[in-house]
file input.csv (CSV, C-alpha atoms)
chain,number,residue,atom,x,y,z
A,25,MET,CA,8.2,-40.9,-44.5
A,26,ASN,CA,11.8,-41.9,-44.2
A,27,LYS,CA,14.5,-39.4,-43.6
A,28,ARG,CA,16.5,-38.6,-46.7
A,29,VAL,CA,20.2,-37.9,-46.9
A,30,PHE,CA,22.0,-36.4,-49.8
A,31,ILE,CA,25.8,-36.8,-49.9
A,32,VAL,CA,27.4,-34.2,-52.1
A,33,HIS,CA,30.9,-34.7,-53.5
A,34,GLY,CA,33.5,-32.0,-54.1
A,35,TRP,CA,35.7,-30.7,-56.9
A,36,GLY,CA,37.0,-33.6,-58.9
A,37,GLY,CA,34.8,-36.0,-56.9
A,38,HIS,CA,32.3,-38.7,-57.8
A,39,PRO,CA,29.6,-40.7,-55.9
A,40,ASN,CA,31.8,-43.8,-55.4
A,41,GLU,CA,34.9,-42.1,-54.0
A,42,GLY,CA,36.4,-42.4,-50.5
A,43,TRP,CA,34.1,-42.7,-47.6
A,44,PHE,CA,30.9,-42.0,-49.5
A,45,PRO,CA,29.9,-45.6,-50.2
A,46,TRP,CA,30.7,-46.6,-46.6
A,47,LEU,CA,28.6,-43.8,-45.2
A,48,LYS,CA,25.7,-44.5,-47.6
A,49,GLY,CA,25.7,-48.2,-46.5
A,50,CYS,CA,25.8,-47.3,-42.8
A,51,LEU,CA,22.9,-44.9,-43.1
A,52,GLU,CA,20.8,-47.2,-45.2
A,53,GLU,CA,21.2,-49.9,-42.6
A,54,LYS,CA,19.7,-47.5,-40.1
A,55,GLY,CA,16.7,-46.8,-42.3
A,56,PHE,CA,17.7,-43.6,-44.1
A,57,GLU,CA,17.1,-43.2,-47.9
A,58,VAL,CA,20.5,-42.1,-49.2
A,59,PHE,CA,21.3,-40.4,-52.5
A,60,VAL,CA,24.8,-39.5,-53.9
A,61,PRO,CA,24.2,-37.4,-57.0
A,62,GLN,CA,26.8,-37.1,-59.7
A,63,LEU,CA,27.4,-33.4,-60.2
A,64,PRO,CA,28.4,-32.2,-63.8
A,65,ASP,CA,31.8,-31.4,-65.2
A,66,THR,CA,33.4,-32.2,-61.9
A,67,GLU,CA,36.9,-31.1,-63.0
A,68,HIS,CA,35.6,-27.6,-63.8
A,69,PRO,CA,32.7,-27.2,-61.5
A,70,ARG,CA,30.4,-24.2,-61.8
A,71,ILE,CA,28.0,-22.9,-59.2
A,72,GLY,CA,24.8,-22.7,-61.4
A,73,SER,CA,25.0,-26.2,-62.8
A,74,TRP,CA,26.0,-27.8,-59.5
A,75,VAL,CA,23.3,-26.1,-57.4
A,76,SER,CA,20.6,-26.8,-60.0
A,77,THR,CA,21.6,-30.5,-60.3
A,78,LEU,CA,21.4,-30.8,-56.5
A,79,ALA,CA,18.0,-29.0,-56.5
A,80,GLN,CA,16.7,-31.5,-59.1
A,81,ALA,CA,17.9,-34.4,-57.1
A,82,VAL,CA,16.3,-33.2,-53.9
A,83,ASP,CA,13.1,-32.0,-55.5
A,84,ILE,CA,11.1,-30.9,-52.4
A,85,ALA,CA,13.1,-30.4,-49.3
A,86,ASP,CA,11.6,-30.6,-45.8
A,87,GLU,CA,12.6,-31.2,-42.2
A,88,GLN,CA,13.2,-34.9,-43.1
A,89,THR,CA,15.9,-33.9,-45.5
A,90,TYR,CA,19.6,-33.9,-44.5
A,91,PHE,CA,22.8,-33.3,-46.3
A,92,VAL,CA,26.5,-34.3,-46.0
A,93,GLY,CA,28.9,-32.3,-48.1
A,94,HIS,CA,32.6,-32.6,-48.7
A,95,SER,CA,34.8,-29.6,-49.6
A,96,MET,CA,33.1,-27.8,-52.6
A,97,GLY,CA,30.1,-30.0,-51.9
A,98,CYS,CA,29.7,-27.9,-48.7
A,99,GLN,CA,29.5,-24.7,-50.7
A,100,THR,CA,27.1,-26.4,-53.1
A,101,ILE,CA,24.7,-27.3,-50.2
A,102,ALA,CA,25.0,-23.8,-48.7
A,103,ARG,CA,24.2,-22.1,-52.0
A,104,TYR,CA,21.3,-24.5,-52.6
A,105,LEU,CA,19.9,-23.6,-49.1
A,106,GLU,CA,20.4,-19.9,-49.9
A,107,SER,CA,18.0,-20.4,-52.9
A,108,LEU,CA,15.1,-21.9,-50.9
A,109,PRO,CA,11.9,-20.0,-50.0
A,110,ASP,CA,12.2,-18.1,-46.7
A,111,GLU,CA,9.8,-20.4,-44.8
A,112,MET,CA,11.4,-23.7,-45.8
A,113,LYS,CA,13.5,-25.6,-43.3
A,114,ILE,CA,15.6,-28.7,-43.7
A,115,GLY,CA,16.7,-31.3,-41.1
A,116,GLY,CA,20.4,-30.4,-41.0
A,117,VAL,CA,23.8,-30.6,-42.6
A,118,VAL,CA,27.1,-32.3,-41.9
A,119,PHE,CA,29.9,-30.2,-43.5
A,120,VAL,CA,33.2,-32.0,-44.1
A,121,ALA,CA,36.3,-29.8,-45.0
A,122,GLY,CA,34.0,-26.9,-45.8
A,123,TYR,CA,35.1,-23.4,-46.5
A,124,PHE,CA,33.8,-19.9,-47.3
A,125,LYS,CA,36.7,-17.6,-46.4
A,126,ARG,CA,39.6,-18.9,-48.5
A,127,LEU,CA,41.4,-21.9,-50.1
A,128,THR,CA,45.1,-22.6,-50.4
A,129,ASN,CA,47.1,-24.7,-52.9
A,130,CYS,CA,44.2,-24.7,-55.4
A,131,ASP,CA,45.8,-22.7,-58.3
A,132,GLU,CA,48.1,-25.3,-59.9
A,133,THR,CA,46.7,-24.5,-63.4
A,134,PRO,CA,45.0,-21.4,-64.9
A,135,LYS,CA,41.8,-23.3,-65.1
A,136,ASP,CA,42.0,-24.3,-61.5
A,137,LYS,CA,42.6,-20.7,-60.5
A,138,ILE,CA,39.5,-19.6,-62.5
A,139,THR,CA,37.4,-22.3,-60.8
A,140,SER,CA,38.7,-21.4,-57.3
A,141,GLU,CA,38.1,-17.7,-57.9
A,142,LEU,CA,34.6,-18.1,-59.3
A,143,TRP,CA,33.5,-20.0,-56.2
A,144,MET,CA,35.3,-17.9,-53.7
A,145,ASN,CA,34.3,-14.5,-55.2
A,146,ALA,CA,30.6,-15.3,-55.8
A,147,PRO,CA,28.5,-13.6,-53.1
A,148,ILE,CA,26.7,-15.8,-50.6
A,149,ASP,CA,24.4,-14.7,-47.9
A,150,LEU,CA,25.4,-17.0,-45.0
A,151,GLN,CA,22.8,-15.5,-42.7
A,152,LYS,CA,20.1,-16.6,-45.2
A,153,VAL,CA,21.7,-20.0,-45.4
A,154,ALA,CA,21.6,-20.2,-41.6
A,155,SER,CA,17.9,-19.4,-41.6
A,156,HIS,CA,17.2,-22.7,-43.3
A,157,LEU,CA,19.6,-24.7,-41.2
A,158,PRO,CA,18.4,-25.6,-37.7
A,159,LYS,CA,21.3,-28.0,-36.9
A,160,SER,CA,24.8,-28.7,-38.3
A,161,VAL,CA,28.1,-30.2,-37.6
A,162,ALA,CA,31.4,-29.1,-39.3
A,163,ILE,CA,34.3,-31.5,-39.5
A,164,PHE,CA,37.8,-30.4,-40.2
A,165,SER,CA,41.3,-32.0,-40.2
A,166,ASP,CA,44.2,-30.3,-38.4
A,167,ASP,CA,46.5,-30.7,-41.4
A,168,ASP,CA,44.2,-29.9,-44.3
A,169,PRO,CA,46.4,-28.5,-47.1
A,170,PHE,CA,43.5,-26.7,-48.8
A,171,VAL,CA,41.2,-25.5,-46.0
A,172,PRO,CA,42.9,-23.1,-43.5
A,173,PHE,CA,41.8,-23.0,-39.9
A,174,ASP,CA,40.0,-19.7,-40.2
A,175,ASN,CA,37.3,-21.3,-42.3
A,176,GLN,CA,35.9,-22.7,-39.1
A,177,GLU,CA,34.7,-19.2,-38.0
A,178,ASP,CA,31.7,-19.0,-40.3
A,179,PHE,CA,30.5,-22.4,-39.3
A,180,ARG,CA,30.9,-21.7,-35.6
A,181,ASN,CA,29.7,-18.1,-35.5
A,182,ILE,CA,27.0,-17.9,-38.3
A,183,PHE,CA,25.7,-21.5,-38.6
A,184,HIS,CA,26.4,-22.3,-34.9
A,185,SER,CA,27.7,-25.6,-36.1
A,186,LYS,CA,29.3,-28.1,-33.7
A,187,ILE,CA,33.0,-28.2,-34.7
A,188,VAL,CA,34.7,-31.6,-34.8
A,189,LEU,CA,38.5,-31.6,-35.4
A,190,GLU,CA,40.1,-34.8,-36.9
A,191,ASN,CA,43.8,-35.5,-36.4
A,192,SER,CA,46.1,-35.8,-39.4
A,193,LYS,CA,43.5,-36.7,-42.0
A,194,GLY,CA,44.4,-34.2,-44.7
A,195,HIS,CA,41.5,-33.0,-46.8
A,196,LEU,CA,39.4,-36.0,-45.6
A,197,ASN,CA,39.5,-37.2,-49.1
A,198,GLY,CA,39.4,-40.9,-49.6
A,199,PRO,CA,42.4,-42.8,-51.0
A,200,GLU,CA,44.6,-39.6,-51.1
A,201,ASP,CA,44.4,-39.2,-47.4
A,202,GLY,CA,43.6,-42.8,-46.4
A,203,VAL,CA,40.1,-41.9,-45.3
A,204,MET,CA,37.8,-44.6,-46.6
A,205,GLU,CA,35.5,-44.5,-43.5
A,206,LEU,CA,34.6,-41.4,-41.5
A,207,PRO,CA,32.9,-42.4,-38.3
A,208,SER,CA,32.7,-38.8,-37.2
A,209,ALA,CA,30.4,-38.0,-40.1
A,210,LEU,CA,28.1,-40.9,-39.3
A,211,SER,CA,27.9,-39.9,-35.7
A,212,ALA,CA,27.2,-36.3,-36.6
A,213,LEU,CA,24.4,-37.2,-39.0
A,214,LEU,CA,22.8,-39.5,-36.4
A,215,GLU,CA,23.1,-36.7,-33.8
A,216,ILE,CA,21.5,-34.0,-35.8
A,217,SER,CA,18.7,-36.3,-37.0
A,218,PHE,CA,18.1,-37.6,-33.5
A,219,LYS,CA,18.0,-41.1,-35.0
A,220,TYR,CA,19.6,-42.8,-32.0
A,221,ASP,CA,18.9,-43.6,-28.4
A,222,ARG,CA,20.4,-40.7,-26.3
A,223,ARG,CA,20.7,-43.0,-23.3
A,224,GLN,CA,23.4,-45.0,-25.3
A,225,LYS,CA,25.7,-42.0,-25.8
call {"tool": "encode", "arguments": {"input": "input.csv", "output": "structure tokens"}}
result
Amino acid sequence: MNKRVFIVHGWGGHPNEGWFPWLKGCLEEKGFEVFVPQLPDTEHPRIGSWVSTLAQAVDIADEQTYFVGHSMGCQTIARYLESLPDEMKIGGVVFVAGYFKRLTNCDETPKDKITSELWMNAPIDLQKVASHLPKSVAIFSDDDPFVPFDNQEDFRNIFHSKIVLENSKGHLNGPEDGVMELPSALSALLEISFKYDRRQK
């Protein structure tokens, strides 16, 4: 059975934005099955509908199942993992511009503020998420306007993620930041899936 990868977009995102098509193509060339689900009402995302849509796309998760999330997509993956039965394990996750502690510059309109507060204030058991997560990599940019540095702590201390810091790539968000390819995400997914020859590192 092929390894499956689900790429999960963020707030205001869509399956064909930024580096998602590039990553999908690269992974498919290496034999992965890759899915990039469209999450609903992307301008006003809600936890319940996003997590349930991802769960429907995945169907049955197992150790051959991997995820790559961007921004709010990272929260969506984590909340999905939190909902899994205790004994279920997945292959791993690559988190890109993820956050649990706080966001900045996301309250431009009253609706944006509501959305931000709903996601940031909703409880999440990160230890339970970690119990389903054997391997992960968390990628950040050193000048992200939305994700402050202290968000790295949960990934490092609770998920035991490998931290990768990109230089001057903003929110790692496609055309807005000039990031149409993200080699670090490809390398991270290959690393956690062991789908490469270690002798060539």
call {"tool": "residues_around", "arguments": {"input": "input.csv", "residues": "Gly97 in chain A", "least_positions_apart": "4", "cutoff": "7 Å", "atoms": "all atoms listed in the file", "output": "mmCIF file with C-alpha atoms, in the coordinates of the input"}}
result
data_model
loop_
_atom_site.group_PDB
_atom_site.id
_atom_site.type_symbol
_atom_site.label_atom_id
_atom_site.label_comp_id
_atom_site.auth_asym_id
_atom_site.auth_seq_id
_atom_site.Cartn_x
_atom_site.Cartn_y
_atom_site.Cartn_z
ATOM 1 C CA VAL A 32 27.400 -34.200 -52.100
ATOM 2 C CA HIS A 33 30.900 -34.700 -53.500
ATOM 3 C CA GLY A 34 33.500 -32.000 -54.100
ATOM 4 C CA GLY A 93 28.900 -32.300 -48.100
ATOM 5 C CA ILE A 101 24.700 -27.300 -50.200
#
call {"tool": "closest_residue", "arguments": {"input": "input.csv", "among": "A:Val188, A:Met96, A:Met144, A:Val29", "to": "Gly49 in chain A", "atoms": "only C-alpha atoms"}}
result
A:Val29
call {"tool": "closest_residue", "arguments": {"input": "input.csv", "among": "A:Pro199, A:Lys125, A:Asp65, A:Pro207", "to": "Asn40 in chain A", "atoms": "only C-alpha atoms"}}
result
A:Pro199
call {"tool": "closest_residue", "arguments": {"input": "input.csv", "among": "A:Ser211, A:Ser165, A:Asn26, A:Ser160", "to": "His184 in chain A", "atoms": "all atoms listed in the file"}}
result
A:Ser160
call {"tool": "axis_aligned_box", "arguments": {"input": "input.csv", "around": "range 143-148 of chain A", "padding_each_side": "4 Å", "output": "JSON"}}
result
{"center_x": 31.0, "center_y": -16.8, "center_z": -53.4, "size_x": 16.6, "size_y": 14.4, "size_z": 13.6}
call {"tool": "closest_residue", "arguments": {"input": "input.csv", "among": "A:Ile216, A:Cys130, A:Met112, A:Ile71", "to": "Ala85 in chain A", "atoms": "all atoms listed in the file"}}
result
A:Met112
call {"tool": "residues_near_point", "arguments": {"input": "input.csv", "point": "(31.7, -32.3, -53.3)", "cutoff": "12 Å", "atoms": "only C-alpha atoms", "output": "ChimeraX atom specification"}}
result
/A:30-42,44,60-67,69-71,74-75,78,91-102,119-123,195-197
call {"tool": "residues_around", "arguments": {"input": "input.csv", "residues": "Pro169 in chain A", "least_positions_apart": "4", "cutoff": "9 Å", "atoms": "only C-alpha atoms", "output": "compact mmCIF listing (two decimals) with C-alpha atoms, keeping the file's coordinate frame"}}
result
# COMPACT_ATOMS: atom_id res chain seq x y z
CA LEU A 127 41.40 -21.90 -50.10
CA THR A 128 45.10 -22.60 -50.40
CA ASN A 129 47.10 -24.70 -52.90
CA GLY A 194 44.40 -34.20 -44.70
CA HIS A 195 41.50 -33.00 -46.80
call {"tool": "closest_residue", "arguments": {"input": "input.csv", "among": "A:Glu111, A:Glu177, A:Glu106, A:Asp168", "to": "Pro147 in chain A", "atoms": "all atoms listed in the file"}}
result
A:Glu106
call {"tool": "closest_residue", "arguments": {"input": "input.csv", "among": "A:His68, A:Glu52, A:Tyr104, A:His156", "to": "Lys135 in chain A", "atoms": "only C-alpha atoms"}}
result
A:His68
call {"tool": "residues_around", "arguments": {"input": "input.csv", "residues": "Ile114 in chain A", "least_positions_apart": "6", "cutoff": "8 Å", "atoms": "only C-alpha atoms", "output": "number ranges by chain"}}
result
A: 85-90, 156-158
call {"tool": "atom_distance", "arguments": {"input": "input.csv", "atom1": "CA of Gly116 in chain A", "atom2": "CA of Leu142 in chain A"}}
result
26.2 Å
call {"tool": "atom_distance", "arguments": {"input": "input.csv", "atom1": "CA of Ile163 in chain A", "atom2": "CA of Glu205 in chain A"}}
result
13.7 Å
call {"tool": "atom_distance", "arguments": {"input": "input.csv", "atom1": "CA of Glu57 in chain A", "atom2": "CA of Gly115 in chain A"}}
result
13.7 Å
call {"tool": "residues_near_point", "arguments": {"input": "input.csv", "point": "(16.6, -46.9, -43.8)", "cutoff": "12 Å", "atoms": "only C-alpha atoms", "output": "list in words"}}
result
Met25, Asn26, Lys27, Arg28, Val29, Lys48, Gly49, Cys50, Leu51, Glu52, Glu53, Lys54, Gly55, Phe56, Glu57, Val58, Phe59 and Lys219 of chain A
call {"tool": "residues_around", "arguments": {"input": "input.csv", "residues": "range 150-153 of chain A", "least_positions_apart": "5", "cutoff": "10 Å", "atoms": "all atoms listed in the file", "output": "list of chain:residue names"}}
result
A:Ile101, A:Ala102, A:Arg103, A:Tyr104, A:Leu105, A:Glu106, A:Ser107, A:Leu108, A:Asp110, A:Phe124, A:Asp178, A:Phe179, A:Ile182, A:Phe183
call {"tool": "build_atoms", "arguments": {"input": "input.csv", "residues": "range 67-78 of chain A", "atoms": "all heavy atoms", "output": "PDB file, in the coordinates of the input"}}
result
ATOM      1  N   GLU A  67      35.590 -31.691 -62.980  1.00  0.00           N
ATOM      2  CA  GLU A  67      36.900 -31.100 -63.000  1.00  0.00           C
ATOM      3  C   GLU A  67      36.883 -29.580 -63.158  1.00  0.00           C
ATOM      4  O   GLU A  67      37.858 -28.895 -62.848  1.00  0.00           O
ATOM      5  CB  GLU A  67      37.763 -31.712 -64.123  1.00  0.00           C
ATOM      6  CG  GLU A  67      38.040 -33.205 -63.938  1.00  0.00           C
ATOM      7  CD  GLU A  67      38.829 -33.512 -62.671  1.00  0.00           C
ATOM      8  OE1 GLU A  67      39.628 -32.647 -62.234  1.00  0.00           O
ATOM      9  OE2 GLU A  67      38.644 -34.595 -62.094  1.00  0.00           O
ATOM     10  N   HIS A  68      35.766 -29.057 -63.665  1.00  0.00           N
ATOM     11  CA  HIS A  68      35.600 -27.600 -63.800  1.00  0.00           C
ATOM     12  C   HIS A  68      34.230 -27.202 -63.331  1.00  0.00           C
ATOM     13  O   HIS A  68      33.376 -26.745 -64.087  1.00  0.00           O
ATOM     14  CB  HIS A  68      35.770 -27.218 -65.319  1.00  0.00           C
ATOM     15  CG  HIS A  68      37.031 -27.735 -65.935  1.00  0.00           C
ATOM     16  ND1 HIS A  68      37.062 -28.855 -66.733  1.00  0.00           N
ATOM     17  CD2 HIS A  68      38.318 -27.308 -65.824  1.00  0.00           C
ATOM     18  CE1 HIS A  68      38.318 -29.090 -67.109  1.00  0.00           C
ATOM     19  NE2 HIS A  68      39.088 -28.165 -66.574  1.00  0.00           N
ATOM     20  N   PRO A  69      33.985 -27.382 -62.037  1.00  0.00           N
ATOM     21  CA  PRO A  69      32.700 -27.200 -61.500  1.00  0.00           C
ATOM     22  C   PRO A  69      32.226 -25.687 -61.559  1.00  0.00           C
ATOM     23  O   PRO A  69      33.039 -24.790 -61.406  1.00  0.00           O
ATOM     24  CB  PRO A  69      32.802 -27.598 -60.035  1.00  0.00           C
ATOM     25  CG  PRO A  69      34.264 -27.460 -59.736  1.00  0.00           C
ATOM     26  CD  PRO A  69      34.967 -27.775 -61.000  1.00  0.00           C
ATOM     27  N   ARG A  70      30.936 -25.512 -61.787  1.00  0.00           N
ATOM     28  CA  ARG A  70      30.400 -24.200 -61.800  1.00  0.00           C
ATOM     29  C   ARG A  70      29.149 -24.117 -60.916  1.00  0.00           C
ATOM     30  O   ARG A  70      28.370 -25.066 -60.826  1.00  0.00           O
ATOM     31  CB  ARG A  70      29.972 -23.795 -63.273  1.00  0.00           C
ATOM     32  CG  ARG A  70      31.172 -23.676 -64.215  1.00  0.00           C
ATOM     33  CD  ARG A  70      32.103 -22.550 -63.799  1.00  0.00           C
ATOM     34  NE  ARG A  70      33.237 -22.355 -64.684  1.00  0.00           N
ATOM     35  CZ  ARG A  70      34.465 -22.850 -64.480  1.00  0.00           C
ATOM     36  NH1 ARG A  70      34.693 -23.612 -63.404  1.00  0.00           N
ATOM     37  NH2 ARG A  70      35.454 -22.607 -65.312  1.00  0.00           N
ATOM     38  N   ILE A  71      28.985 -22.998 -60.258  1.00  0.00           N
ATOM     39  CA  ILE A  71      28.000 -22.900 -59.200  1.00  0.00           C
ATOM     40  C   ILE A  71      26.571 -23.166 -59.766  1.00  0.00           C
ATOM     41  O   ILE A  71      25.817 -23.954 -59.182  1.00  0.00           O
ATOM     42  CB  ILE A  71      28.016 -21.460 -58.610  1.00  0.00           C
ATOM     43  CG1 ILE A  71      29.316 -21.265 -57.827  1.00  0.00           C
ATOM     44  CG2 ILE A  71      26.817 -21.226 -57.687  1.00  0.00           C
ATOM     45  CD1 ILE A  71      29.587 -19.838 -57.399  1.00  0.00           C
ATOM     46  N   GLY A  72      26.207 -22.538 -60.880  1.00  0.00           N
ATOM     47  CA  GLY A  72      24.800 -22.700 -61.400  1.00  0.00           C
ATOM     48  C   GLY A  72      24.481 -24.128 -61.688  1.00  0.00           C
ATOM     49  O   GLY A  72      23.416 -24.608 -61.275  1.00  0.00           O
ATOM     50  N   SER A  73      25.356 -24.844 -62.394  1.00  0.00           N
ATOM     51  CA  SER A  73      25.000 -26.200 -62.800  1.00  0.00           C
ATOM     52  C   SER A  73      25.065 -27.165 -61.576  1.00  0.00           C
ATOM     53  O   SER A  73      24.265 -28.096 -61.481  1.00  0.00           O
ATOM     54  CB  SER A  73      25.980 -26.707 -63.868  1.00  0.00           C
ATOM     55  OG  SER A  73      27.330 -26.689 -63.426  1.00  0.00           O
ATOM     56  N   TRP A  74      25.956 -26.912 -60.644  1.00  0.00           N
ATOM     57  CA  TRP A  74      26.000 -27.800 -59.500  1.00  0.00           C
ATOM     58  C   TRP A  74      24.817 -27.585 -58.560  1.00  0.00           C
ATOM     59  O   TRP A  74      24.220 -28.551 -58.076  1.00  0.00           O
ATOM     60  CB  TRP A  74      27.335 -27.560 -58.709  1.00  0.00           C
ATOM     61  CG  TRP A  74      28.452 -28.399 -59.260  1.00  0.00           C
ATOM     62  CD1 TRP A  74      28.664 -28.712 -60.569  1.00  0.00           C
ATOM     63  CD2 TRP A  74      29.496 -29.035 -58.524  1.00  0.00           C
ATOM     64  NE1 TRP A  74      29.770 -29.505 -60.699  1.00  0.00           N
ATOM     65  CE2 TRP A  74      30.304 -29.714 -59.455  1.00  0.00           C
ATOM     66  CE3 TRP A  74      29.826 -29.080 -57.182  1.00  0.00           C
ATOM     67  CZ2 TRP A  74      31.429 -30.448 -59.072  1.00  0.00           C
ATOM     68  CZ3 TRP A  74      30.956 -29.806 -56.791  1.00  0.00           C
ATOM     69  CH2 TRP A  74      31.744 -30.482 -57.726  1.00  0.00           C
ATOM     70  N   VAL A  75      24.454 -26.350 -58.312  1.00  0.00           N
ATOM     71  CA  VAL A  75      23.300 -26.100 -57.400  1.00  0.00           C
ATOM     72  C   VAL A  75      22.016 -26.584 -58.082  1.00  0.00           C
ATOM     73  O   VAL A  75      21.166 -27.192 -57.417  1.00  0.00           O
ATOM     74  CB  VAL A  75      23.208 -24.592 -57.092  1.00  0.00           C
ATOM     75  CG1 VAL A  75      21.899 -24.284 -56.353  1.00  0.00           C
ATOM     76  CG2 VAL A  75      24.399 -24.170 -56.237  1.00  0.00           C
ATOM     77  N   SER A  76      21.855 -26.368 -59.383  1.00  0.00           N
ATOM     78  CA  SER A  76      20.600 -26.800 -60.000  1.00  0.00           C
ATOM     79  C   SER A  76      20.528 -28.330 -60.094  1.00  0.00           C
ATOM     80  O   SER A  76      19.441 -28.896 -59.940  1.00  0.00           O
ATOM     81  CB  SER A  76      20.531 -26.220 -61.459  1.00  0.00           C
ATOM     82  OG  SER A  76      21.578 -26.705 -62.286  1.00  0.00           O
ATOM     83  N   THR A  77      21.664 -29.016 -60.271  1.00  0.00           N
ATOM     84  CA  THR A  77      21.600 -30.500 -60.300  1.00  0.00           C
ATOM     85  C   THR A  77      21.262 -31.002 -58.893  1.00  0.00           C
ATOM     86  O   THR A  77      20.473 -31.955 -58.772  1.00  0.00           O
ATOM     87  CB  THR A  77      23.024 -31.033 -60.675  1.00  0.00           C
ATOM     88  OG1 THR A  77      23.332 -30.599 -62.009  1.00  0.00           O
ATOM     89  CG2 THR A  77      23.042 -32.560 -60.637  1.00  0.00           C
ATOM     90  N   LEU A  78      21.793 -30.397 -57.840  1.00  0.00           N
ATOM     91  CA  LEU A  78      21.400 -30.800 -56.500  1.00  0.00           C
ATOM     92  C   LEU A  78      19.935 -30.529 -56.248  1.00  0.00           C
ATOM     93  O   LEU A  78      19.223 -31.375 -55.681  1.00  0.00           O
ATOM     94  CB  LEU A  78      22.272 -30.077 -55.459  1.00  0.00           C
ATOM     95  CG  LEU A  78      21.959 -30.387 -53.996  1.00  0.00           C
ATOM     96  CD1 LEU A  78      22.093 -31.874 -53.699  1.00  0.00           C
ATOM     97  CD2 LEU A  78      22.853 -29.576 -53.060  1.00  0.00           C
TER      98      LEU A  78
END
